file input-v1.txt (compact mmCIF, C-alpha atoms)
# COMPACT_ATOMS: atom_id res chain seq x y z
CA MET A 1 0.74 -113.95 -14.19
CA LYS A 2 1.06 -110.74 -12.18
CA ARG A 3 0.42 -107.59 -14.16
CA PHE A 4 2.76 -105.32 -12.20
CA VAL A 5 6.28 -105.30 -10.81
CA SER A 6 6.51 -103.52 -7.44
CA PHE A 7 9.20 -101.43 -5.79
CA SER A 8 8.78 -100.13 -2.24
CA MET A 9 10.51 -97.62 -0.02
CA VAL A 10 9.79 -96.20 3.43
CA PHE A 11 10.25 -92.50 4.13
CA LEU A 12 10.38 -90.72 7.47
CA LEU A 13 8.34 -87.58 6.87
CA LEU A 14 7.23 -84.76 9.10
CA LEU A 15 3.60 -85.69 8.72
CA THR A 16 0.82 -88.13 9.47
CA GLY A 17 -1.02 -89.74 6.56
CA PHE A 18 -4.78 -89.83 6.10
CA SER A 19 -7.11 -91.01 3.38
CA PRO A 20 -8.64 -88.14 1.36
CA GLN A 21 -12.07 -88.69 2.90
CA ALA A 22 -10.65 -88.42 6.42
CA PHE A 23 -10.18 -84.68 6.02
CA ALA A 24 -13.76 -83.75 5.11
CA ARG A 25 -15.65 -81.83 7.78
CA GLU A 26 -18.35 -83.93 9.36
CA SER A 27 -21.90 -83.10 8.37
CA GLY A 28 -24.38 -81.93 10.97
CA GLY A 29 -22.18 -79.28 12.60
CA GLU A 30 -21.88 -75.61 11.80
CA GLU A 31 -21.64 -75.13 8.04
CA LEU A 32 -18.55 -73.45 6.65
CA VAL A 33 -20.62 -71.91 3.84
CA GLU A 34 -24.34 -71.18 3.83
CA ASN A 35 -25.57 -69.03 0.95
CA VAL A 36 -24.87 -71.50 -1.87
CA LYS A 37 -26.66 -74.57 -3.22
CA SER A 38 -23.55 -76.76 -3.18
CA ALA A 39 -19.85 -76.49 -2.52
CA ILE A 40 -16.61 -78.43 -2.21
CA LEU A 41 -13.07 -77.68 -1.09
CA ILE A 42 -10.22 -79.97 -2.15
CA GLU A 43 -6.44 -80.03 -2.04
CA ARG A 44 -5.16 -80.30 -5.60
CA ASP A 45 -2.28 -82.75 -5.39
CA THR A 46 -4.02 -85.40 -3.27
CA GLY A 47 -7.64 -84.68 -4.20
CA ALA A 48 -8.44 -84.75 -0.48
CA VAL A 49 -11.88 -83.33 0.31
CA LEU A 50 -11.52 -80.74 3.07
CA TYR A 51 -15.15 -79.63 3.07
CA GLU A 52 -18.30 -80.38 1.11
CA LYS A 53 -21.94 -79.36 1.03
CA ASN A 54 -24.36 -81.15 -1.33
CA SER A 55 -21.31 -81.78 -3.52
CA ASN A 56 -23.04 -84.45 -5.66
CA GLU A 57 -26.17 -82.42 -6.46
CA GLN A 58 -26.62 -82.07 -10.22
CA LEU A 59 -26.86 -78.36 -11.13
CA PRO A 60 -26.30 -76.14 -14.18
CA PRO A 61 -22.63 -75.06 -14.19
CA ALA A 62 -23.03 -72.04 -16.49
CA SER A 63 -19.62 -70.85 -17.78
CA MET A 64 -17.72 -73.13 -15.40
CA THR A 65 -18.35 -75.52 -18.31
CA LYS A 66 -15.34 -73.83 -19.92
CA ILE A 67 -13.07 -75.63 -17.44
CA MET A 68 -13.59 -78.76 -19.53
CA THR A 69 -13.20 -76.74 -22.73
CA MET A 70 -9.87 -75.38 -21.47
CA LEU A 71 -8.81 -78.86 -20.33
CA LEU A 72 -9.25 -80.25 -23.85
CA ILE A 73 -7.35 -77.26 -25.28
CA MET A 74 -4.42 -77.78 -22.90
CA GLU A 75 -4.45 -81.50 -23.60
CA ALA A 76 -4.29 -80.85 -27.35
CA LEU A 77 -1.38 -78.44 -26.86
CA ASP A 78 0.44 -80.96 -24.68
CA GLU A 79 -0.01 -83.68 -27.30
CA GLY A 80 1.12 -81.45 -30.18
CA LYS A 81 -2.29 -81.46 -31.86
CA LEU A 82 -2.45 -77.69 -31.50
CA THR A 83 0.22 -74.98 -31.23
CA TRP A 84 0.17 -71.68 -29.35
CA ASP A 85 0.76 -69.56 -32.46
CA GLU A 86 -1.63 -71.40 -34.79
CA LYS A 87 -4.29 -69.08 -36.18
CA ILE A 88 -7.84 -70.29 -35.63
CA ARG A 89 -10.54 -69.06 -37.97
CA THR A 90 -13.93 -67.96 -36.63
CA SER A 91 -16.99 -69.47 -38.32
CA GLU A 92 -20.27 -67.62 -38.70
CA TYR A 93 -21.77 -69.92 -36.07
CA ALA A 94 -18.99 -69.15 -33.56
CA ALA A 95 -19.39 -65.44 -34.16
CA SER A 96 -23.14 -65.68 -33.53
CA MET A 97 -22.79 -66.78 -29.88
CA GLY A 98 -24.56 -64.61 -27.36
CA GLY A 99 -23.72 -63.99 -23.72
CA SER A 100 -20.10 -63.30 -22.76
CA GLN A 101 -18.01 -62.81 -25.86
CA ILE A 102 -14.92 -61.16 -27.30
CA PHE A 103 -16.90 -60.08 -30.39
CA LEU A 104 -15.19 -62.22 -32.97
CA GLU A 105 -16.33 -61.57 -36.53
CA PRO A 106 -16.95 -64.28 -39.15
CA GLY A 107 -13.65 -65.08 -40.82
CA GLU A 108 -11.57 -63.38 -38.13
CA GLU A 109 -8.45 -65.24 -37.08
CA MET A 110 -6.75 -65.31 -33.71
CA THR A 111 -3.94 -67.46 -32.37
CA THR A 112 -4.61 -70.26 -29.92
CA LYS A 113 -3.02 -68.09 -27.21
CA GLN A 114 -5.36 -65.19 -27.96
CA MET A 115 -8.40 -67.46 -28.09
CA LEU A 116 -7.45 -68.96 -24.71
CA GLN A 117 -7.09 -65.46 -23.28
CA GLY A 118 -10.59 -64.73 -24.53
CA ILE A 119 -11.94 -67.88 -22.86
CA ALA A 120 -9.99 -67.82 -19.58
CA ILE A 121 -10.14 -64.09 -18.86
CA GLY A 122 -13.21 -62.86 -20.74
CA SER A 123 -15.30 -66.07 -20.71
CA GLY A 124 -15.80 -65.72 -24.46
CA ASN A 125 -18.50 -68.03 -25.80
CA ASP A 126 -17.49 -67.18 -29.36
CA ALA A 127 -13.84 -68.09 -28.70
CA SER A 128 -14.91 -71.35 -27.02
CA VAL A 129 -16.91 -72.41 -30.06
CA ALA A 130 -14.19 -71.37 -32.53
CA VAL A 131 -11.59 -73.53 -30.77
CA ALA A 132 -14.08 -76.39 -30.35
CA GLU A 133 -14.67 -76.43 -34.11
CA ARG A 134 -10.93 -76.37 -34.76
CA LEU A 135 -10.23 -79.32 -32.43
CA ALA A 136 -13.13 -81.60 -33.33
CA GLY A 137 -14.52 -80.36 -36.65
CA SER A 138 -17.87 -79.42 -35.15
CA VAL A 139 -19.36 -78.38 -31.84
CA ASP A 140 -21.29 -81.65 -31.54
CA LYS A 141 -18.13 -83.72 -31.93
CA PHE A 142 -16.32 -81.52 -29.42
CA VAL A 143 -19.15 -82.05 -26.93
CA ASP A 144 -18.68 -85.79 -27.46
CA LYS A 145 -15.03 -85.30 -26.49
CA MET A 146 -16.06 -83.34 -23.40
CA ASN A 147 -18.36 -86.11 -22.22
CA ALA A 148 -15.79 -88.79 -23.04
CA LYS A 149 -13.20 -86.94 -20.97
CA ALA A 150 -15.64 -86.65 -18.06
CA LYS A 151 -16.21 -90.40 -18.26
CA GLU A 152 -12.45 -91.04 -18.42
CA LEU A 153 -12.05 -89.01 -15.21
CA GLY A 154 -14.72 -91.14 -13.53
CA LEU A 155 -17.24 -88.29 -13.25
CA LYS A 156 -20.72 -89.80 -13.03
CA ASP A 157 -22.83 -86.68 -12.51
CA THR A 158 -21.80 -84.52 -15.46
CA VAL A 159 -23.38 -84.19 -18.90
CA PHE A 160 -22.34 -81.48 -21.35
CA LYS A 161 -24.44 -80.22 -24.24
CA ASN A 162 -22.20 -77.36 -25.38
CA PRO A 163 -18.68 -75.98 -24.74
CA THR A 164 -19.89 -72.65 -23.33
CA GLY A 165 -22.38 -73.25 -20.52
CA LEU A 166 -25.15 -71.31 -22.25
CA PRO A 167 -28.51 -72.56 -20.89
CA VAL A 168 -29.82 -75.77 -22.44
CA ALA A 169 -31.79 -78.73 -21.09
CA ASP A 170 -29.89 -81.62 -19.45
CA HIS A 171 -26.57 -79.77 -19.23
CA TYR A 172 -25.36 -80.28 -15.67
CA SER A 173 -22.50 -81.05 -13.32
CA THR A 174 -21.75 -81.11 -9.59
CA ALA A 175 -19.37 -79.36 -7.23
CA TYR A 176 -17.41 -82.60 -6.83
CA ASP A 177 -17.14 -83.23 -10.58
CA MET A 178 -16.17 -79.63 -11.29
CA GLY A 179 -13.47 -79.86 -8.62
CA MET A 180 -12.05 -82.99 -10.25
CA MET A 181 -12.05 -81.31 -13.67
CA ALA A 182 -10.19 -78.36 -12.15
CA LYS A 183 -7.72 -80.76 -10.53
CA GLU A 184 -7.00 -82.28 -13.95
CA LEU A 185 -6.74 -78.90 -15.67
CA LEU A 186 -4.22 -77.67 -13.10
CA LYS A 187 -1.80 -80.41 -14.17
CA TYR A 188 -0.99 -78.00 -16.99
CA GLU A 189 0.92 -75.26 -15.20
CA ASP A 190 0.62 -72.80 -18.10
CA ILE A 191 -3.14 -72.51 -17.60
CA THR A 192 -2.83 -70.21 -14.58
CA LYS A 193 -0.87 -67.74 -16.72
CA PHE A 194 -4.23 -67.16 -18.40
CA THR A 195 -6.78 -67.72 -15.64
CA GLY A 196 -4.63 -65.74 -13.18
CA THR A 197 -4.39 -62.65 -15.41
CA TYR A 198 -6.68 -59.86 -14.22
CA GLU A 199 -6.63 -57.77 -17.39
CA ALA A 200 -5.24 -57.96 -20.91
CA TYR A 201 -5.91 -56.70 -24.42
CA LEU A 202 -6.85 -58.36 -27.69
CA ARG A 203 -6.32 -56.71 -31.11
CA GLU A 204 -4.03 -54.34 -29.17
CA ASN A 205 -2.49 -52.51 -32.13
CA THR A 206 -5.69 -52.13 -34.13
CA GLU A 207 -8.71 -49.85 -34.17
CA LYS A 208 -10.70 -52.70 -32.57
CA LYS A 209 -8.58 -52.93 -29.42
CA PHE A 210 -10.53 -55.00 -26.87
CA TRP A 211 -10.00 -54.83 -23.10
CA LEU A 212 -10.34 -58.10 -21.22
CA VAL A 213 -11.11 -57.98 -17.50
CA ASN A 214 -11.18 -61.23 -15.53
CA THR A 215 -14.67 -62.19 -14.41
CA ASN A 216 -13.05 -63.74 -11.30
CA LYS A 217 -12.40 -60.71 -9.09
CA LEU A 218 -10.64 -62.84 -6.46
CA VAL A 219 -7.67 -62.95 -8.85
CA ARG A 220 -7.10 -59.34 -7.86
CA PHE A 221 -8.36 -59.27 -4.29
CA TYR A 222 -7.31 -62.62 -2.68
CA PRO A 223 -3.54 -63.29 -2.47
CA GLY A 224 -2.63 -66.49 -4.28
CA VAL A 225 -5.80 -66.86 -6.37
CA ASP A 226 -4.90 -67.52 -10.01
CA GLY A 227 -8.02 -69.10 -11.49
CA LEU A 228 -10.13 -70.75 -12.58
CA LYS A 229 -13.62 -69.89 -13.87
CA THR A 230 -16.79 -68.05 -12.94
CA GLY A 231 -20.31 -68.78 -14.15
CA PHE A 232 -23.67 -67.06 -14.18
CA THR A 233 -27.07 -67.58 -15.74
CA GLN A 234 -30.52 -66.81 -14.34
CA GLU A 235 -31.02 -70.52 -13.73
CA ALA A 236 -27.56 -71.31 -12.30
CA LYS A 237 -27.16 -68.06 -10.33
CA TYR A 238 -23.59 -67.16 -9.35
CA CYS A 239 -21.01 -69.96 -9.55
CA LEU A 240 -17.24 -70.12 -9.19
CA THR A 241 -14.46 -72.65 -9.34
CA ALA A 242 -11.48 -70.92 -7.73
CA THR A 243 -7.94 -72.05 -7.05
CA ALA A 244 -5.23 -70.54 -4.91
CA GLU A 245 -1.69 -71.48 -3.92
CA LYS A 246 0.04 -70.56 -0.67
CA ASN A 247 3.23 -71.96 0.88
CA GLY A 248 3.34 -74.71 -1.75
CA MET A 249 -0.23 -75.91 -1.14
CA ARG A 250 -2.81 -75.50 -3.91
CA VAL A 251 -6.51 -75.81 -3.14
CA ILE A 252 -9.66 -75.72 -5.25
CA ALA A 253 -12.95 -74.26 -4.01
CA VAL A 254 -16.20 -74.69 -5.93
CA VAL A 255 -19.58 -73.07 -5.27
CA PHE A 256 -22.85 -73.39 -7.17
CA GLY A 257 -25.92 -71.19 -6.87
CA ALA A 258 -24.93 -68.16 -4.78
CA PRO A 259 -27.56 -65.38 -4.91
CA THR A 260 -25.06 -62.61 -5.72
CA SER A 261 -21.49 -62.34 -6.95
CA LYS A 262 -20.52 -60.68 -3.64
CA GLU A 263 -21.81 -63.65 -1.62
CA ARG A 264 -20.21 -66.11 -4.07
CA ASN A 265 -16.82 -64.48 -3.52
CA ALA A 266 -17.33 -64.27 0.25
CA GLU A 267 -18.15 -67.98 0.55
CA VAL A 268 -15.17 -69.00 -1.56
CA THR A 269 -12.96 -66.73 0.54
CA LYS A 270 -14.13 -68.50 3.71
CA MET A 271 -13.25 -71.89 2.23
CA LEU A 272 -9.81 -70.75 1.11
CA ASP A 273 -9.09 -69.22 4.53
CA PHE A 274 -10.16 -72.48 6.20
CA ALA A 275 -7.86 -74.58 3.99
CA PHE A 276 -4.77 -72.44 4.50
CA ASN A 277 -5.37 -72.04 8.24
CA GLN A 278 -5.91 -75.74 8.96
CA TYR A 279 -3.77 -77.74 6.49
CA GLU A 280 -0.39 -77.94 4.84
CA THR A 281 1.19 -80.07 2.13
CA HIS A 282 4.58 -81.74 1.86
CA PRO A 283 5.70 -81.89 -1.79
CA MET A 284 7.09 -85.24 -2.93
CA TYR A 285 7.49 -85.05 -6.70
CA LYS A 286 6.99 -82.53 -9.48
CA ARG A 287 5.04 -83.33 -12.65
CA HIS A 288 7.02 -85.26 -15.28
CA GLN A 289 9.69 -86.41 -12.84
CA SER A 290 11.32 -89.71 -13.89
CA LEU A 291 10.92 -92.49 -11.32
CA ALA A 292 11.65 -95.76 -13.15
CA LYS A 293 12.10 -97.48 -16.53
CA VAL A 294 9.78 -99.97 -18.21
CA LEU A 295 10.81 -102.63 -20.73
CA VAL A 296 8.89 -102.51 -24.02
CA SER A 297 8.42 -105.82 -25.81
CA LYS A 298 9.26 -105.58 -29.54
CA GLY A 299 9.57 -101.81 -29.26
CA GLU A 300 11.72 -99.51 -31.35
CA LYS A 301 12.93 -98.25 -27.96
CA LYS A 302 13.60 -101.22 -25.69
CA GLN A 303 12.76 -99.26 -22.55
CA ILE A 304 11.07 -95.97 -21.71
CA GLU A 305 11.02 -93.82 -18.62
CA ALA A 306 7.99 -93.73 -16.33
CA LEU A 307 7.14 -90.15 -15.32
CA THR A 308 4.84 -88.68 -12.72
CA SER A 309 1.65 -87.50 -14.43
CA GLU A 310 1.00 -84.69 -11.93
CA PRO A 311 2.55 -82.97 -8.92
CA ILE A 312 2.47 -85.30 -5.91
CA SER A 313 2.25 -84.13 -2.29
CA ILE A 314 1.20 -85.47 1.09
CA LEU A 315 -1.45 -83.49 2.97
CA THR A 316 -1.61 -83.11 6.74
CA LYS A 317 -3.30 -81.00 9.34
CA LYS A 318 -0.92 -78.37 10.65
CA GLY A 319 1.37 -79.52 13.45
CA GLU A 320 1.09 -83.29 12.96
CA ASN A 321 3.83 -85.52 14.35
CA ALA A 322 6.38 -87.45 12.29
CA LYS A 323 5.19 -90.86 11.04
CA GLU A 324 6.32 -93.46 8.53
CA ILE A 325 4.89 -93.29 5.03
CA LYS A 326 5.44 -96.21 2.67
CA GLN A 327 5.92 -95.51 -1.02
CA SER A 328 5.47 -98.17 -3.68
CA ILE A 329 5.92 -98.02 -7.44
CA LYS A 330 4.12 -100.59 -9.58
CA LEU A 331 5.15 -100.90 -13.21
CA LYS A 332 3.16 -102.79 -15.82
CA GLU A 333 4.70 -106.04 -16.99
CA ASN A 334 4.69 -107.24 -20.58
CA VAL A 335 4.29 -103.76 -22.06
CA LYS A 336 4.07 -104.28 -25.82
CA ALA A 337 4.78 -101.78 -28.58
CA PRO A 338 3.40 -99.47 -29.72
CA VAL A 339 3.47 -97.24 -26.65
CA LYS A 340 2.40 -93.61 -26.93
CA LYS A 341 3.76 -90.70 -24.94
CA GLY A 342 1.43 -90.21 -21.97
CA ASP A 343 0.18 -93.81 -21.81
CA GLU A 344 -0.26 -95.07 -18.27
CA ILE A 345 2.49 -97.59 -17.55
CA GLY A 346 2.47 -97.72 -13.77
CA THR A 347 1.28 -96.31 -10.47
CA ILE A 348 2.89 -94.67 -7.47
CA THR A 349 1.17 -95.12 -4.11
CA PHE A 350 1.80 -93.72 -0.65
CA LYS A 351 0.34 -95.61 2.34
CA LYS A 352 0.07 -95.07 6.07
CA ASP A 353 -0.79 -98.07 8.26
CA GLY A 354 -1.90 -99.98 5.16
CA LYS A 355 -4.29 -97.23 4.05
CA THR A 356 -3.74 -95.37 0.78
CA VAL A 357 -2.91 -91.71 1.29
CA VAL A 358 -2.12 -90.83 -2.34
CA GLU A 359 -2.24 -92.83 -5.57
CA SER A 360 -1.21 -91.39 -8.92
CA PRO A 361 -0.56 -92.76 -12.44
CA LEU A 362 2.90 -92.98 -13.98
CA ILE A 363 3.05 -92.26 -17.70
CA ALA A 364 5.35 -92.95 -20.64
CA LYS A 365 7.90 -90.21 -21.34
CA GLU A 366 7.95 -90.85 -25.10
CA ASN A 367 6.66 -93.00 -27.95
CA SER A 368 8.00 -96.44 -28.69
CA LYS A 369 6.84 -97.71 -32.06
CA GLU A 370 6.90 -101.34 -33.09
CA ALA A 371 10.43 -102.32 -34.05
CA SER A 372 11.06 -103.32 -37.65
CA PHE A 373 11.78 -106.91 -38.59
CA TRP A 374 15.38 -105.98 -39.32
CA THR A 375 15.80 -104.36 -35.86
CA LEU A 376 14.35 -107.42 -34.14
CA PHE A 377 16.57 -109.69 -36.23
CA LYS A 378 19.72 -107.76 -35.25
CA ARG A 379 18.70 -107.92 -31.60
CA SER A 380 18.13 -111.66 -31.77
CA MET A 381 21.50 -112.16 -33.47
CA GLY A 382 23.14 -110.06 -30.76
CA ILE A 383 21.61 -112.23 -28.08
CA PHE A 384 22.64 -115.38 -29.98
CA THR A 385 26.22 -114.11 -30.31
CA LYS A 386 26.47 -113.30 -26.60
CA ALA A 387 25.08 -116.70 -25.67
CA ASN A 388 27.84 -118.42 -27.63
CA ASN A 389 30.72 -116.37 -26.25
call {"tool": "encode", "arguments": {"input": "input-v1.txt", "output": "structure tokens"}}
result
Amino acid sequence: MKRFVSFSMVFLLLLTGFSPQAFARESGGEELVENVKSAILIERDTGAVLYEKNSNEQLPPASMTKIMTMLLIMEALDEGKLTWDEKIRTSEYAASMGGSQIFLEPGEEMTTKQMLQGIAIGSGNDASVAVAERLAGSVDKFVDKMNAKAKELGLKDTVFKNPTGLPVADHYSTAYDMGMMAKELLKYEDITKFTGTYEAYLRENTEKKFWLVNTNKLVRFYPGVDGLKTGFTQEAKYCLTATAEKNGMRVIAVVFGAPTSKERNAEVTKMLDFAFNQYETHPMYKRHQSLAKVLVSKGEKKQIEALTSEPISILTKKGENAKEIKQSIKLKENVKAPVKKGDEIGTITFKKDGKTVVESPLIAKENSKEASFWTLFKRSMGIFTKANN
């Protein structure tokens, strides 16, 4: 029996479709960036690789690790497992973190919003550990969640040992994997309200007022940059995962191992300039836009809406001619209760000449618990009554 039901539609768009890999600059020519160990440039909505250099080389990510930490925080907020105004208590262990910190004291409480400010703007190791302990009960269990999420995203060259990026053996990632983590994090539009803030204050109306200044200076000096995370250790050197949006196109640029922060920013700037000069996107759907309905067998709700799980766009080189793009929606058949909000219940695909341009999951808008015996009985009696009329 087929697992999916399909719906197709053809659109005339002002674009030509390509597979994501078709955009990547060919190796062997002049390099776009030079003074870094590895790099990647991707368009967020499609995941198309526009440029890469040693993008699968396993390297220490330093504080770019906090992209995964922030992803799990945003996921917990989205699922209602955490609230913005909840006060999170700082353990002695969290307060003992070295490196970048917001100088939390043992027993001090801050809201989730304030903790996220400390992580996103100030790269606070102490805040990262405090939230990790709140979400998972311990740092070790939170690290398990980080690695499980990396596996869920299909990232094969990432292993986390802590939520901060502080140096430790066998803690590594790649430019490609970090770009995919950033892509996932940017599904949550609220995150750039934090990562795109250049300066803010914590404990503002107290004697311990603390000034946060974003470690990502491009937030201030490159138009459209609103994230995501810097990193530095003696081993990792200067790293940055940056994102910028211009004319509706959002791109992600990642660099590992620049010798100085100035060169790190210069190389990222070159990649961003290249993306915005050479490419453009054509938005198709916003995140959480309803596209279809799925029947739920024995569910409290007999059908639920299938929503887009992320913004969906088509990417082209500038000035491409109009071509036909075929859209298809595949919904899972025989969906059985219980269904949880956010469960994958289908897929939307865009193709050009039989080749996939974009593919994205469709998710359940809401929960549908198993229907009670009495509800199922009433439904069956209703069907019986109709059949005899």
call {"tool": "closest_residue", "arguments": {"input": "input-v1.txt", "among": "A:Ile345, A:Ala169, A:Ala62, A:Ala236", "to": "Pro259 of chain A", "atoms": "all atoms listed in the file"}}
result
A:Ala236
call {"tool": "residues_around", "arguments": {"input": "input-v1.txt", "residues": "Val251 of chain A", "least_positions_apart": "5", "cutoff": "10 Å", "atoms": "only C-alpha atoms", "output": "ChimeraX atom specification"}}
result
/A:41-50,179,183,225,242-246,271-272,275-276
call {"tool": "atom_distance", "arguments": {"input": "input-v1.txt", "atom1": "atom CA of Phe256 of chain A", "atom2": "atom CA of Gly165 of chain A"}}
result
13.4 Å
call {"tool": "residues_near_point", "arguments": {"input": "input-v1.txt", "point": "(3.6, -89.0, -1.7)", "cutoff": "6 Å", "atoms": "all atoms listed in the file", "output": "PyMOL selection string"}}
result
chain A and resi 284+312-314+350
call {"tool": "closest_residue", "arguments": {"input": "input-v1.txt", "among": "A:Asn265, A:Thr260, A:Gln58, A:Ser309", "to": "Val219 of chain A", "atoms": "all atoms listed in the file"}}
result
A:Asn265
call {"tool": "closest_residue", "arguments": {"input": "input-v1.txt", "among": "A:Glu267, A:Lys66, A:Ile191, A:Asn216", "to": "Asp78 of chain A", "atoms": "all atoms listed in the file"}}
result
A:Ile191
call {"tool": "decode", "arguments": {"input": "input-v1.txt", "residues": "segment 129-147 of chain A", "atoms": "N, CA and C atoms", "output": "short mmCIF file (atom, residue, chain, number, x, y, z; two decimals), in the first residue's frame"}}
result
data_model
loop_
_atom_site.label_atom_id
_atom_site.label_comp_id
_atom_site.auth_asym_id
_atom_site.auth_seq_id
_atom_site.Cartn_x
_atom_site.Cartn_y
_atom_site.Cartn_z
N VAL A 129 25.18 26.91 30.64
CA VAL A 129 25.12 25.76 31.54
C VAL A 129 23.87 25.82 32.42
N ALA A 130 23.51 27.01 32.88
CA ALA A 130 22.32 27.15 33.72
C ALA A 130 21.07 26.70 32.97
N VAL A 131 20.93 27.10 31.72
CA VAL A 131 19.76 26.71 30.95
C VAL A 131 19.83 25.22 30.59
N ALA A 132 21.02 24.73 30.31
CA ALA A 132 21.18 23.30 30.01
C ALA A 132 20.71 22.46 31.18
N GLU A 133 21.07 22.85 32.39
CA GLU A 133 20.65 22.10 33.58
C GLU A 133 19.14 22.19 33.77
N ARG A 134 18.57 23.34 33.47
CA ARG A 134 17.11 23.48 33.58
C ARG A 134 16.39 22.57 32.59
N LEU A 135 16.87 22.47 31.35
CA LEU A 135 16.16 21.72 30.32
C LEU A 135 16.34 20.22 30.43
N ALA A 136 17.50 19.77 30.90
CA ALA A 136 17.78 18.33 30.88
C ALA A 136 18.08 17.75 32.25
N GLY A 137 18.21 18.57 33.26
CA GLY A 137 18.51 18.06 34.60
C GLY A 137 19.98 18.04 34.92
N SER A 138 20.82 17.91 33.90
CA SER A 138 22.27 17.92 34.08
C SER A 138 22.91 18.28 32.75
N VAL A 139 24.15 18.72 32.82
CA VAL A 139 24.88 19.07 31.60
C VAL A 139 25.08 17.83 30.73
N ASP A 140 25.41 16.71 31.33
CA ASP A 140 25.63 15.48 30.55
C ASP A 140 24.39 15.08 29.76
N LYS A 141 23.22 15.18 30.39
CA LYS A 141 21.99 14.82 29.69
C LYS A 141 21.65 15.83 28.60
N PHE A 142 22.00 17.09 28.84
CA PHE A 142 21.78 18.10 27.81
C PHE A 142 22.69 17.84 26.61
N VAL A 143 23.92 17.45 26.88
CA VAL A 143 24.85 17.12 25.79
C VAL A 143 24.31 15.95 24.98
N ASP A 144 23.70 14.99 25.67
CA ASP A 144 23.05 13.88 24.94
C ASP A 144 21.98 14.41 23.99
N LYS A 145 21.21 15.40 24.46
CA LYS A 145 20.19 16.00 23.61
C LYS A 145 20.82 16.73 22.42
N MET A 146 21.93 17.40 22.66
CA MET A 146 22.63 18.09 21.57
C MET A 146 23.06 17.11 20.48
N ASN A 147 23.66 16.01 20.90
CA ASN A 147 24.13 15.02 19.93
C ASN A 147 22.98 14.29 19.24
#
